[in-house]
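**Q** The following file, query09.json, comprises JSON, N, CA and C atoms:
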```json
[["chain", "number", "residue", "atom", "x", "y", "z"],
["A", 1255, "MET", "N", -5.28, -12.07, -0.09],
["A", 1255, "MET", "CA", -4.24, -11.11, 0.20],
["A", 1255, "MET", "C", -3.25, -11.70, 1.20],
["A", 1256, "ASP", "N", -2.07, -11.22, 1.11],
["A", 1256, "ASP", "CA", -1.02, -11.67, 2.02],
["A", 1256, "ASP", "C", -1.19, -10.97, 3.36],
["A", 1257, "ILE", "N", -1.35, -11.73, 4.41],
["A", 1257, "ILE", "CA", -1.60, -11.18, 5.74],
["A", 1257, "ILE", "C", -0.41, -10.35, 6.22],
["A", 1258, "ARG", "N", 0.81, -10.72, 5.82],
["A", 1258, "ARG", "CA", 2.00, -9.95, 6.23],
["A", 1258, "ARG", "C", 1.98, -8.55, 5.64],
["A", 1259, "ARG", "N", 1.57, -8.43, 4.39],
["A", 1259, "ARG", "CA", 1.51, -7.10, 3.76],
["A", 1259, "ARG", "C", 0.40, -6.26, 4.37],
["A", 1260, "LEU", "N", -0.70, -6.88, 4.75],
["A", 1260, "LEU", "CA", -1.78, -6.13, 5.39],
["A", 1260, "LEU", "C", -1.35, -5.58, 6.74],
["A", 1261, "ILE", "N", -0.67, -6.41, 7.52],
["A", 1261, "ILE", "CA", -0.18, -5.96, 8.83],
["A", 1261, "ILE", "C", 0.86, -4.86, 8.64],
["A", 1262, "LEU", "N", 1.73, -5.03, 7.66],
["A", 1262, "LEU", "CA", 2.75, -4.03, 7.38],
["A", 1262, "LEU", "C", 2.12, -2.72, 6.90],
["A", 1263, "ALA", "N", 1.02, -2.81, 6.16],
["A", 1263, "ALA", "CA", 0.33, -1.60, 5.69],
["A", 1263, "ALA", "C", -0.26, -0.83, 6.86],
["A", 1264, "VAL", "N", -0.67, -1.51, 7.90],
["A", 1264, "VAL", "CA", -1.22, -0.82, 9.06],
["A", 1264, "VAL", "C", -0.11, -0.22, 9.92],
["A", 1265, "ILE", "N", 0.99, -0.94, 10.07],
["A", 1265, "ILE", "CA", 2.08, -0.48, 10.94],
["A", 1265, "ILE", "C", 2.92, 0.59, 10.25],
["A", 1266, "LEU", "N", 3.39, 0.32, 9.04],
["A", 1266, "LEU", "CA", 4.25, 1.24, 8.30],
["A", 1266, "LEU", "C", 3.88, 1.20, 6.82],
["A", 1267, "PRO", "N", 2.93, 2.02, 6.40],
["A", 1267, "PRO", "CA", 2.39, 1.94, 5.04],
["A", 1267, "PRO", "C", 3.40, 2.01, 3.89],
["A", 1268, "PRO", "N", 4.42, 2.89, 3.92],
["A", 1268, "PRO", "CA", 5.33, 2.93, 2.77],
["A", 1268, "PRO", "C", 6.09, 1.61, 2.54],
["A", 1269, "SER", "N", 6.35, 0.88, 3.61],
["A", 1269, "SER", "CA", 7.09, -0.37, 3.43],
["A", 1269, "SER", "C", 6.21, -1.47, 2.84],
["A", 1270, "ALA", "N", 4.91, -1.32, 2.93],
["A", 1270, "ALA", "CA", 4.01, -2.33, 2.36],
["A", 1270, "ALA", "C", 3.91, -2.22, 0.85],
["A", 1271, "VAL", "N", 4.27, -1.07, 0.29],
["A", 1271, "VAL", "CA", 4.16, -0.88, -1.16],
["A", 1271, "VAL", "C", 5.55, -0.76, -1.81],
["A", 1272, "MET", "N", 6.54, -1.41, -1.23],
["A", 1272, "MET", "CA", 7.91, -1.31, -1.73],
["A", 1272, "MET", "C", 8.09, -1.93, -3.12],
["A", 1273, "ASN", "N", 7.17, -2.74, -3.57],
["A", 1273, "ASN", "CA", 7.30, -3.34, -4.90],
["A", 1273, "ASN", "C", 6.74, -2.43, -6.00],
["A", 1274, "LYS", "N", 6.26, -1.26, -5.62],
["A", 1274, "LYS", "CA", 5.74, -0.29, -6.60],
["A", 1274, "LYS", "C", 6.86, 0.65, -7.03],
["A", 1275, "GLU", "N", 6.53, 1.61, -7.88],
["A", 1275, "GLU", "CA", 7.54, 2.57, -8.34],
["A", 1275, "GLU", "C", 7.80, 3.64, -7.28],
["A", 1276, "ALA", "N", 8.85, 4.41, -7.47],
["A", 1276, "ALA", "CA", 9.32, 5.36, -6.45],
["A", 1276, "ALA", "C", 8.28, 6.44, -6.13],
["A", 1277, "GLY", "N", 7.56, 6.91, -7.13],
["A", 1277, "GLY", "CA", 6.56, 7.95, -6.89],
["A", 1277, "GLY", "C", 5.43, 7.48, -5.98],
["A", 1278, "THR", "N", 5.04, 6.24, -6.13],
["A", 1278, "THR", "CA", 3.99, 5.67, -5.30],
["A", 1278, "THR", "C", 4.47, 5.52, -3.86],
["A", 1279, "ILE", "N", 5.70, 5.11, -3.69],
["A", 1279, "ILE", "CA", 6.26, 4.97, -2.34],
["A", 1279, "ILE", "C", 6.36, 6.34, -1.68],
["A", 1280, "MET", "N", 6.80, 7.35, -2.44],
["A", 1280, "MET", "CA", 6.91, 8.70, -1.88],
["A", 1280, "MET", "C", 5.54, 9.27, -1.55],
["A", 1281, "LEU", "N", 4.55, 9.03, -2.38],
["A", 1281, "LEU", "CA", 3.20, 9.51, -2.09],
["A", 1281, "LEU", "C", 2.64, 8.84, -0.84],
["A", 1282, "THR", "N", 2.87, 7.57, -0.69],
["A", 1282, "THR", "CA", 2.43, 6.86, 0.51],
["A", 1282, "THR", "C", 3.14, 7.42, 1.75],
["A", 1283, "GLY", "N", 4.43, 7.69, 1.63],
["A", 1283, "GLY", "CA", 5.18, 8.28, 2.73],
["A", 1283, "GLY", "C", 4.68, 9.67, 3.09],
["A", 1284, "LEU", "N", 4.38, 10.47, 2.08],
["A", 1284, "LEU", "CA", 3.85, 11.82, 2.33],
["A", 1284, "LEU", "C", 2.49, 11.76, 3.01],
["A", 1285, "LEU", "N", 1.62, 10.88, 2.54],
["A", 1285, "LEU", "CA", 0.31, 10.74, 3.18],
["A", 1285, "LEU", "C", 0.45, 10.25, 4.61],
["A", 1286, "THR", "N", 1.41, 9.39, 4.86],
["A", 1286, "THR", "CA", 1.64, 8.90, 6.22],
["A", 1286, "THR", "C", 2.15, 10.03, 7.11],
["A", 1287, "LEU", "N", 3.00, 10.89, 6.58],
["A", 1287, "LEU", "CA", 3.49, 12.02, 7.37],
["A", 1287, "LEU", "C", 2.38, 13.03, 7.67],
["A", 1288, "LEU", "N", 1.46, 13.22, 6.72],
["A", 1288, "LEU", "CA", 0.36, 14.15, 6.93],
["A", 1288, "LEU", "C", -0.65, 13.61, 7.95],
["A", 1289, "GLY", "N", -0.73, 12.35, 8.03],
["A", 1289, "GLY", "CA", -1.64, 11.70, 8.97],
["A", 1289, "GLY", "C", -1.53, 10.21, 8.76],
["A", 1290, "TRP", "N", -1.50, 9.47, 9.82],
["A", 1290, "TRP", "CA", -1.26, 8.04, 9.71],
["A", 1290, "TRP", "C", -2.38, 7.36, 8.91],
["A", 1291, "LEU", "N", -3.62, 7.74, 9.15],
["A", 1291, "LEU", "CA", -4.76, 7.07, 8.51],
["A", 1291, "LEU", "C", -4.77, 7.22, 6.98],
["A", 1292, "PRO", "N", -4.51, 8.40, 6.40],
["A", 1292, "PRO", "CA", -4.47, 8.46, 4.93],
["A", 1292, "PRO", "C", -3.42, 7.55, 4.30],
["A", 1293, "GLY", "N", -2.29, 7.42, 4.94],
["A", 1293, "GLY", "CA", -1.25, 6.53, 4.43],
["A", 1293, "GLY", "C", -1.68, 5.08, 4.47],
["A", 1294, "VAL", "N", -2.35, 4.68, 5.55],
["A", 1294, "VAL", "CA", -2.84, 3.31, 5.68],
["A", 1294, "VAL", "C", -3.91, 3.01, 4.63],
["A", 1295, "VAL", "N", -4.83, 3.94, 4.46],
["A", 1295, "VAL", "CA", -5.91, 3.74, 3.48],
["A", 1295, "VAL", "C", -5.34, 3.62, 2.07],
["A", 1296, "PHE", "N", -4.39, 4.47, 1.73],
["A", 1296, "PHE", "CA", -3.79, 4.42, 0.40],
["A", 1296, "PHE", "C", -3.01, 3.13, 0.19],
["A", 1297, "ALA", "N", -2.27, 2.69, 1.19],
["A", 1297, "ALA", "CA", -1.52, 1.44, 1.07],
["A", 1297, "ALA", "C", -2.46, 0.25, 0.91],
["A", 1298, "LEU", "N", -3.54, 0.22, 1.69],
["A", 1298, "LEU", "CA", -4.50, -0.87, 1.55],
["A", 1298, "LEU", "C", -5.19, -0.83, 0.19],
["A", 1299, "PHE", "N", -5.45, 0.37, -0.31],
["A", 1299, "PHE", "CA", -6.04, 0.52, -1.65],
["A", 1299, "PHE", "C", -5.11, -0.05, -2.72],
["A", 1300, "LEU", "N", -3.83, 0.27, -2.62],
["A", 1300, "LEU", "CA", -2.87, -0.24, -3.61],
["A", 1300, "LEU", "C", -2.75, -1.76, -3.55],
["A", 1301, "ILE", "N", -2.75, -2.31, -2.35],
["A", 1301, "ILE", "CA", -2.66, -3.76, -2.20],
["A", 1301, "ILE", "C", -3.90, -4.43, -2.78],
["A", 1302, "SER", "N", -5.06, -3.85, -2.55],
["A", 1302, "SER", "CA", -6.29, -4.45, -3.08],
["A", 1302, "SER", "C", -6.35, -4.33, -4.60],
["A", 1303, "GLN", "N", -5.85, -3.22, -5.17],
["A", 1303, "GLN", "CA", -5.82, -3.06, -6.62],
["A", 1303, "GLN", "C", -4.88, -4.08, -7.26],
["A", 1304, "GLU", "N", -3.79, -4.36, -6.59],
["A", 1304, "GLU", "CA", -2.84, -5.35, -7.11],
["A", 1304, "GLU", "C", -3.49, -6.73, -7.17],
["A", 1305, "LYS", "N", -4.29, -7.06, -6.16],
["A", 1305, "LYS", "CA", -4.98, -8.35, -6.15],
["A", 1305, "LYS", "C", -6.01, -8.42, -7.28],
["A", 1306, "CYS", "N", -6.73, -7.32, -7.52],
["A", 1306, "CYS", "CA", -7.74, -7.31, -8.57],
["A", 1306, "CYS", "C", -7.10, -7.48, -9.95],
["A", 1307, "GLN", "N", -5.95, -6.86, -10.16],
["A", 1307, "GLN", "CA", -5.27, -6.98, -11.43],
["A", 1307, "GLN", "C", -4.79, -8.41, -11.67],
["A", 1308, "CYS", "N", -4.39, -9.08, -10.62],
["A", 1308, "CYS", "CA", -3.94, -10.48, -10.76],
["A", 1308, "CYS", "C", -5.10, -11.38, -11.13],
["A", 1309, "GLN", "N", -6.28, -11.11, -10.58],
["A", 1309, "GLN", "CA", -7.44, -11.94, -10.88],
["A", 1309, "GLN", "C", -7.92, -11.72, -12.30],
["A", 1310, "VAL", "N", -7.80, -10.51, -12.84],
["A", 1310, "VAL", "CA", -8.21, -10.23, -14.20],
["A", 1310, "VAL", "C", -7.30, -10.93, -15.20],
["A", 1311, "LYS", "N", -6.01, -10.98, -14.92],
["A", 1311, "LYS", "CA", -5.05, -11.62, -15.83],
["A", 1311, "LYS", "C", -5.22, -13.13, -15.87],
["A", 1312, "ALA", "N", -5.66, -13.72, -14.76],
["A", 1312, "ALA", "CA", -5.76, -15.19, -14.70],
["A", 1312, "ALA", "C", -6.94, -15.73, -15.42]]
```
Just give me the structure as structure tokens.

**A**
Amino acid sequence: MDIRRLILAVILPPSAVMNKEAGTIMLTGLLTLLGWLPGVVFALFLISQEKCQCQVKA
């Protein structure tokens, strides 16, 4: 995983998932507004899923 995206996911979760579609970014933003921890967990989950999908394709 990219260490910059992991740090960004902890500091500002919606900006870590900017390469996703708009609904995902808005959901991450909403979770962050409801509580910082749910937004971080969701952003880290999305980043880890992206890594798993890359490994399956290779």

**Q** Residues within 8 Å of Ile1279 (chain A), please, as a list in words. Count all atoms listed in the file; anything in the same chain fewer than 5 positions from it doesn't count.

**A**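 That gives Pro1267, Pro1268, Ser1269, Val1271, Met1272, Asn1273, Lys1274, Leu1284 and Leu1285 of chain A.
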
**Q** How would the residues just chosen look if you wrote them out with N, CA and C atoms as a PDB file, in the frame of the given file?

**A**
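To be explicit, this is the file written out as part.pdb:
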```
ATOM      1  N   PRO A1267       2.930   2.020   6.400  1.00  0.00           N
ATOM      2  CA  PRO A1267       2.390   1.940   5.040  1.00  0.00           C
ATOM      3  C   PRO A1267       3.400   2.010   3.890  1.00  0.00           C
ATOM      4  N   PRO A1268       4.420   2.890   3.920  1.00  0.00           N
ATOM      5  CA  PRO A1268       5.330   2.930   2.770  1.00  0.00           C
ATOM      6  C   PRO A1268       6.090   1.610   2.540  1.00  0.00           C
ATOM      7  N   SER A1269       6.350   0.880   3.610  1.00  0.00           N
ATOM      8  CA  SER A1269       7.090  -0.370   3.430  1.00  0.00           C
ATOM      9  C   SER A1269       6.210  -1.470   2.840  1.00  0.00           C
ATOM     10  N   VAL A1271       4.270  -1.070   0.290  1.00  0.00           N
ATOM     11  CA  VAL A1271       4.160  -0.880  -1.160  1.00  0.00           C
ATOM     12  C   VAL A1271       5.550  -0.760  -1.810  1.00  0.00           C
ATOM     13  N   MET A1272       6.540  -1.410  -1.230  1.00  0.00           N
ATOM     14  CA  MET A1272       7.910  -1.310  -1.730  1.00  0.00           C
ATOM     15  C   MET A1272       8.090  -1.930  -3.120  1.00  0.00           C
ATOM     16  N   ASN A1273       7.170  -2.740  -3.570  1.00  0.00           N
ATOM     17  CA  ASN A1273       7.300  -3.340  -4.900  1.00  0.00           C
ATOM     18  C   ASN A1273       6.740  -2.430  -6.000  1.00  0.00           C
ATOM     19  N   LYS A1274       6.260  -1.260  -5.620  1.00  0.00           N
ATOM     20  CA  LYS A1274       5.740  -0.290  -6.600  1.00  0.00           C
ATOM     21  C   LYS A1274       6.860   0.650  -7.030  1.00  0.00           C
ATOM     22  N   LEU A1284       4.380  10.470   2.080  1.00  0.00           N
ATOM     23  CA  LEU A1284       3.850  11.820   2.330  1.00  0.00           C
ATOM     24  C   LEU A1284       2.490  11.760   3.010  1.00  0.00           C
ATOM     25  N   LEU A1285       1.620  10.880   2.540  1.00  0.00           N
ATOM     26  CA  LEU A1285       0.310  10.740   3.180  1.00  0.00           C
ATOM     27  C   LEU A1285       0.450  10.250   4.610  1.00  0.00           C
TER      28      LEU A1285
END
```

**Q** Given the point (-4.4, -14.6, -5.0) in the coordinates of this file, which residues lie within 8 Å, counting only N, CA and C atoms, and how would they look as a compact mmCIF listing (two decimals) with N, CA and C atoms, keeping the file's coordinate frame?

**A**
```txt
# COMPACT_ATOMS: atom_id res chain seq x y z
N MET A 1255 -5.28 -12.07 -0.09
CA MET A 1255 -4.24 -11.11 0.20
C MET A 1255 -3.25 -11.70 1.20
N ASP A 1256 -2.07 -11.22 1.11
CA ASP A 1256 -1.02 -11.67 2.02
C ASP A 1256 -1.19 -10.97 3.36
N LYS A 1305 -4.29 -7.06 -6.16
CA LYS A 1305 -4.98 -8.35 -6.15
C LYS A 1305 -6.01 -8.42 -7.28
N CYS A 1308 -4.39 -9.08 -10.62
CA CYS A 1308 -3.94 -10.48 -10.76
C CYS A 1308 -5.10 -11.38 -11.13
N GLN A 1309 -6.28 -11.11 -10.58
CA GLN A 1309 -7.44 -11.94 -10.88
C GLN A 1309 -7.92 -11.72 -12.30
```

**Q** Going by DSSP on the backbone, which residues of chain A come out as helix (DSSP H, G or I)? List them as a ChimeraX atom specification.

**A** /A:1257-1265,1267-1270,1276-1288,1290-1311

**Q** Counting all atoms listed in the file, find residues at most 8 Å from (-1.1, 6.3, 0.3) (file frame) and give them as a CSV table (one decimal) with N, CA and C atoms, in the coordinates of the input.

**A**
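Once written, out.csv looks like this:
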```csv
chain,number,residue,atom,x,y,z
A,1267,PRO,N,2.9,2.0,6.4
A,1267,PRO,CA,2.4,1.9,5.0
A,1267,PRO,C,3.4,2.0,3.9
A,1268,PRO,N,4.4,2.9,3.9
A,1268,PRO,CA,5.3,2.9,2.8
A,1268,PRO,C,6.1,1.6,2.5
A,1278,THR,N,5.0,6.2,-6.1
A,1278,THR,CA,4.0,5.7,-5.3
A,1278,THR,C,4.5,5.5,-3.9
A,1279,ILE,N,5.7,5.1,-3.7
A,1279,ILE,CA,6.3,5.0,-2.3
A,1279,ILE,C,6.4,6.3,-1.7
A,1280,MET,N,6.8,7.4,-2.4
A,1280,MET,CA,6.9,8.7,-1.9
A,1280,MET,C,5.5,9.3,-1.6
A,1281,LEU,N,4.6,9.0,-2.4
A,1281,LEU,CA,3.2,9.5,-2.1
A,1281,LEU,C,2.6,8.8,-0.8
A,1282,THR,N,2.9,7.6,-0.7
A,1282,THR,CA,2.4,6.9,0.5
A,1282,THR,C,3.1,7.4,1.8
A,1283,GLY,N,4.4,7.7,1.6
A,1283,GLY,CA,5.2,8.3,2.7
A,1283,GLY,C,4.7,9.7,3.1
A,1284,LEU,N,4.4,10.5,2.1
A,1284,LEU,CA,3.8,11.8,2.3
A,1284,LEU,C,2.5,11.8,3.0
A,1285,LEU,N,1.6,10.9,2.5
A,1285,LEU,CA,0.3,10.7,3.2
A,1285,LEU,C,0.4,10.2,4.6
A,1286,THR,N,1.4,9.4,4.9
A,1286,THR,CA,1.6,8.9,6.2
A,1286,THR,C,2.2,10.0,7.1
A,1291,LEU,N,-3.6,7.7,9.2
A,1291,LEU,CA,-4.8,7.1,8.5
A,1291,LEU,C,-4.8,7.2,7.0
A,1292,PRO,N,-4.5,8.4,6.4
A,1292,PRO,CA,-4.5,8.5,4.9
A,1292,PRO,C,-3.4,7.6,4.3
A,1293,GLY,N,-2.3,7.4,4.9
A,1293,GLY,CA,-1.2,6.5,4.4
A,1293,GLY,C,-1.7,5.1,4.5
A,1294,VAL,N,-2.4,4.7,5.6
A,1294,VAL,CA,-2.8,3.3,5.7
A,1294,VAL,C,-3.9,3.0,4.6
A,1295,VAL,N,-4.8,3.9,4.5
A,1295,VAL,CA,-5.9,3.7,3.5
A,1295,VAL,C,-5.3,3.6,2.1
A,1296,PHE,N,-4.4,4.5,1.7
A,1296,PHE,CA,-3.8,4.4,0.4
A,1296,PHE,C,-3.0,3.1,0.2
A,1297,ALA,N,-2.3,2.7,1.2
A,1297,ALA,CA,-1.5,1.4,1.1
A,1297,ALA,C,-2.5,0.2,0.9
A,1298,LEU,N,-3.5,0.2,1.7
A,1298,LEU,CA,-4.5,-0.9,1.6
A,1298,LEU,C,-5.2,-0.8,0.2
A,1299,PHE,N,-5.4,0.4,-0.3
A,1299,PHE,CA,-6.0,0.5,-1.6
A,1299,PHE,C,-5.1,0.0,-2.7
A,1300,LEU,N,-3.8,0.3,-2.6
A,1300,LEU,CA,-2.9,-0.2,-3.6
A,1300,LEU,C,-2.8,-1.8,-3.6
```

**Q** In terms of the shortest atom-to-atom distance over only N, CA and C atoms, which of A:Leu1287, A:Arg1258, A:Glu1304, A:Val1310 is closest to Ala1270 (chain A)?

**A**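 That would be A:Arg1258, the residue with the smallest distance to Ala1270 (chain A).
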
**Q** Report, in Å with one decimal, the straight-line distance from CA of Ile1265 (chain A) to CA of Cys1306 (chain A).

**A**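 These two atoms are separated by 22.9 Å.
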
**Q** Between atom C of Leu1262 (chain A) and atom N of Ile1301 (chain A), what is the spacing in Å?

**A**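 Those two atoms sit 10.5 Å apart.
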
**Q** What box, with edges along x, y and z, holds each listed atom of region 1280-1295 of chain A when 5 Å is added on every side, and can you state its centre and edge lengths in Å to one decimal, as lines of an AutoDock Vina configuration file?

**A**
```
center_x = 0.5
center_y = 8.6
center_z = 3.7
size_x = 22.8
size_y = 21.1
size_z = 22.3
```

**Q** Measuring between all atoms listed in the file, which one of A:Glu1275, A:Ser1302, A:Val1264, A:Gln1307 shows the shortest distance to Trp1290 (chain A)?

**A** A:Val1264

**Q** With C-alpha atoms as the atom set, please write chain A from the structure just given, as a PDB file, in the first residue's frame.

**A**
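The result, stored in out36.pdb:
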```pdb
ATOM      1  CA  MET A1255       0.000   0.000   0.000  1.00  0.00           C
ATOM      2  CA  ASP A1256       1.034   3.542  -0.596  1.00  0.00           C
ATOM      3  CA  ILE A1257       2.097   5.095   2.705  1.00  0.00           C
ATOM      4  CA  ARG A1258       0.935   8.559   1.561  1.00  0.00           C
ATOM      5  CA  ARG A1259      -2.623   7.349   1.011  1.00  0.00           C
ATOM      6  CA  LEU A1260      -2.648   5.609   4.389  1.00  0.00           C
ATOM      7  CA  ILE A1261      -1.540   8.778   6.164  1.00  0.00           C
ATOM      8  CA  LEU A1262      -4.073  10.788   4.183  1.00  0.00           C
ATOM      9  CA  ALA A1263      -6.804   8.297   5.122  1.00  0.00           C
ATOM     10  CA  VAL A1264      -6.083   8.896   8.794  1.00  0.00           C
ATOM     11  CA  ILE A1265      -5.859  12.694   8.532  1.00  0.00           C
ATOM     12  CA  LEU A1266      -8.622  13.419   5.989  1.00  0.00           C
ATOM     13  CA  PRO A1267     -10.437  10.276   4.800  1.00  0.00           C
ATOM     14  CA  PRO A1268     -12.434  11.713   1.846  1.00  0.00           C
ATOM     15  CA  SER A1269      -9.268  12.966   0.177  1.00  0.00           C
ATOM     16  CA  ALA A1270      -7.703   9.501   0.335  1.00  0.00           C
ATOM     17  CA  VAL A1271     -10.444   8.035  -1.872  1.00  0.00           C
ATOM     18  CA  MET A1272     -10.514  10.796  -4.505  1.00  0.00           C
ATOM     19  CA  ASN A1273      -9.885   8.283  -7.303  1.00  0.00           C
ATOM     20  CA  LYS A1274     -13.250   6.609  -6.613  1.00  0.00           C
ATOM     21  CA  GLU A1275     -16.672   7.675  -7.860  1.00  0.00           C
ATOM     22  CA  ALA A1276     -18.592  10.625  -6.389  1.00  0.00           C
ATOM     23  CA  GLY A1277     -20.960   8.533  -4.258  1.00  0.00           C
ATOM     24  CA  THR A1278     -18.072   6.832  -2.497  1.00  0.00           C
ATOM     25  CA  ILE A1279     -16.402  10.158  -1.765  1.00  0.00           C
ATOM     26  CA  MET A1280     -19.670  11.572  -0.410  1.00  0.00           C
ATOM     27  CA  LEU A1281     -20.254   8.497   1.760  1.00  0.00           C
ATOM     28  CA  THR A1282     -16.751   8.771   3.174  1.00  0.00           C
ATOM     29  CA  GLY A1283     -17.345  12.472   3.859  1.00  0.00           C
ATOM     30  CA  LEU A1284     -20.650  11.745   5.578  1.00  0.00           C
ATOM     31  CA  LEU A1285     -19.098   9.051   7.754  1.00  0.00           C
ATOM     32  CA  THR A1286     -16.294  11.446   8.647  1.00  0.00           C
ATOM     33  CA  LEU A1287     -18.809  14.115   9.647  1.00  0.00           C
ATOM     34  CA  LEU A1288     -20.733  11.638  11.808  1.00  0.00           C
ATOM     35  CA  GLY A1289     -17.549  10.618  13.535  1.00  0.00           C
ATOM     36  CA  TRP A1290     -13.930  10.700  12.549  1.00  0.00           C
ATOM     37  CA  LEU A1291     -13.294   6.991  13.198  1.00  0.00           C
ATOM     38  CA  PRO A1292     -16.011   5.590  10.855  1.00  0.00           C
ATOM     39  CA  GLY A1293     -14.650   7.699   8.012  1.00  0.00           C
ATOM     40  CA  VAL A1294     -11.097   6.474   8.645  1.00  0.00           C
ATOM     41  CA  VAL A1295     -12.174   2.830   8.823  1.00  0.00           C
ATOM     42  CA  PHE A1296     -14.158   3.104   5.591  1.00  0.00           C
ATOM     43  CA  ALA A1297     -11.308   4.852   3.766  1.00  0.00           C
ATOM     44  CA  LEU A1298      -8.817   2.219   4.912  1.00  0.00           C
ATOM     45  CA  PHE A1299     -11.261  -0.506   3.852  1.00  0.00           C
ATOM     46  CA  LEU A1300     -11.550   0.991   0.358  1.00  0.00           C
ATOM     47  CA  ILE A1301      -7.782   1.308   0.015  1.00  0.00           C
ATOM     48  CA  SER A1302      -7.269  -2.305   1.087  1.00  0.00           C
ATOM     49  CA  GLN A1303      -9.977  -3.531  -1.328  1.00  0.00           C
ATOM     50  CA  GLU A1304      -8.266  -1.683  -4.161  1.00  0.00           C
ATOM     51  CA  LYS A1305      -5.010  -3.474  -3.367  1.00  0.00           C
ATOM     52  CA  CYS A1306      -6.747  -6.871  -3.308  1.00  0.00           C
ATOM     53  CA  GLN A1307      -8.342  -6.249  -6.694  1.00  0.00           C
ATOM     54  CA  CYS A1308      -4.959  -5.379  -8.188  1.00  0.00           C
ATOM     55  CA  GLN A1309      -3.446  -8.616  -6.905  1.00  0.00           C
ATOM     56  CA  VAL A1310      -6.283 -10.708  -8.358  1.00  0.00           C
ATOM     57  CA  LYS A1311      -5.859  -9.156 -11.819  1.00  0.00           C
ATOM     58  CA  ALA A1312      -2.105  -9.763 -11.887  1.00  0.00           C
TER      59      ALA A1312
END
```
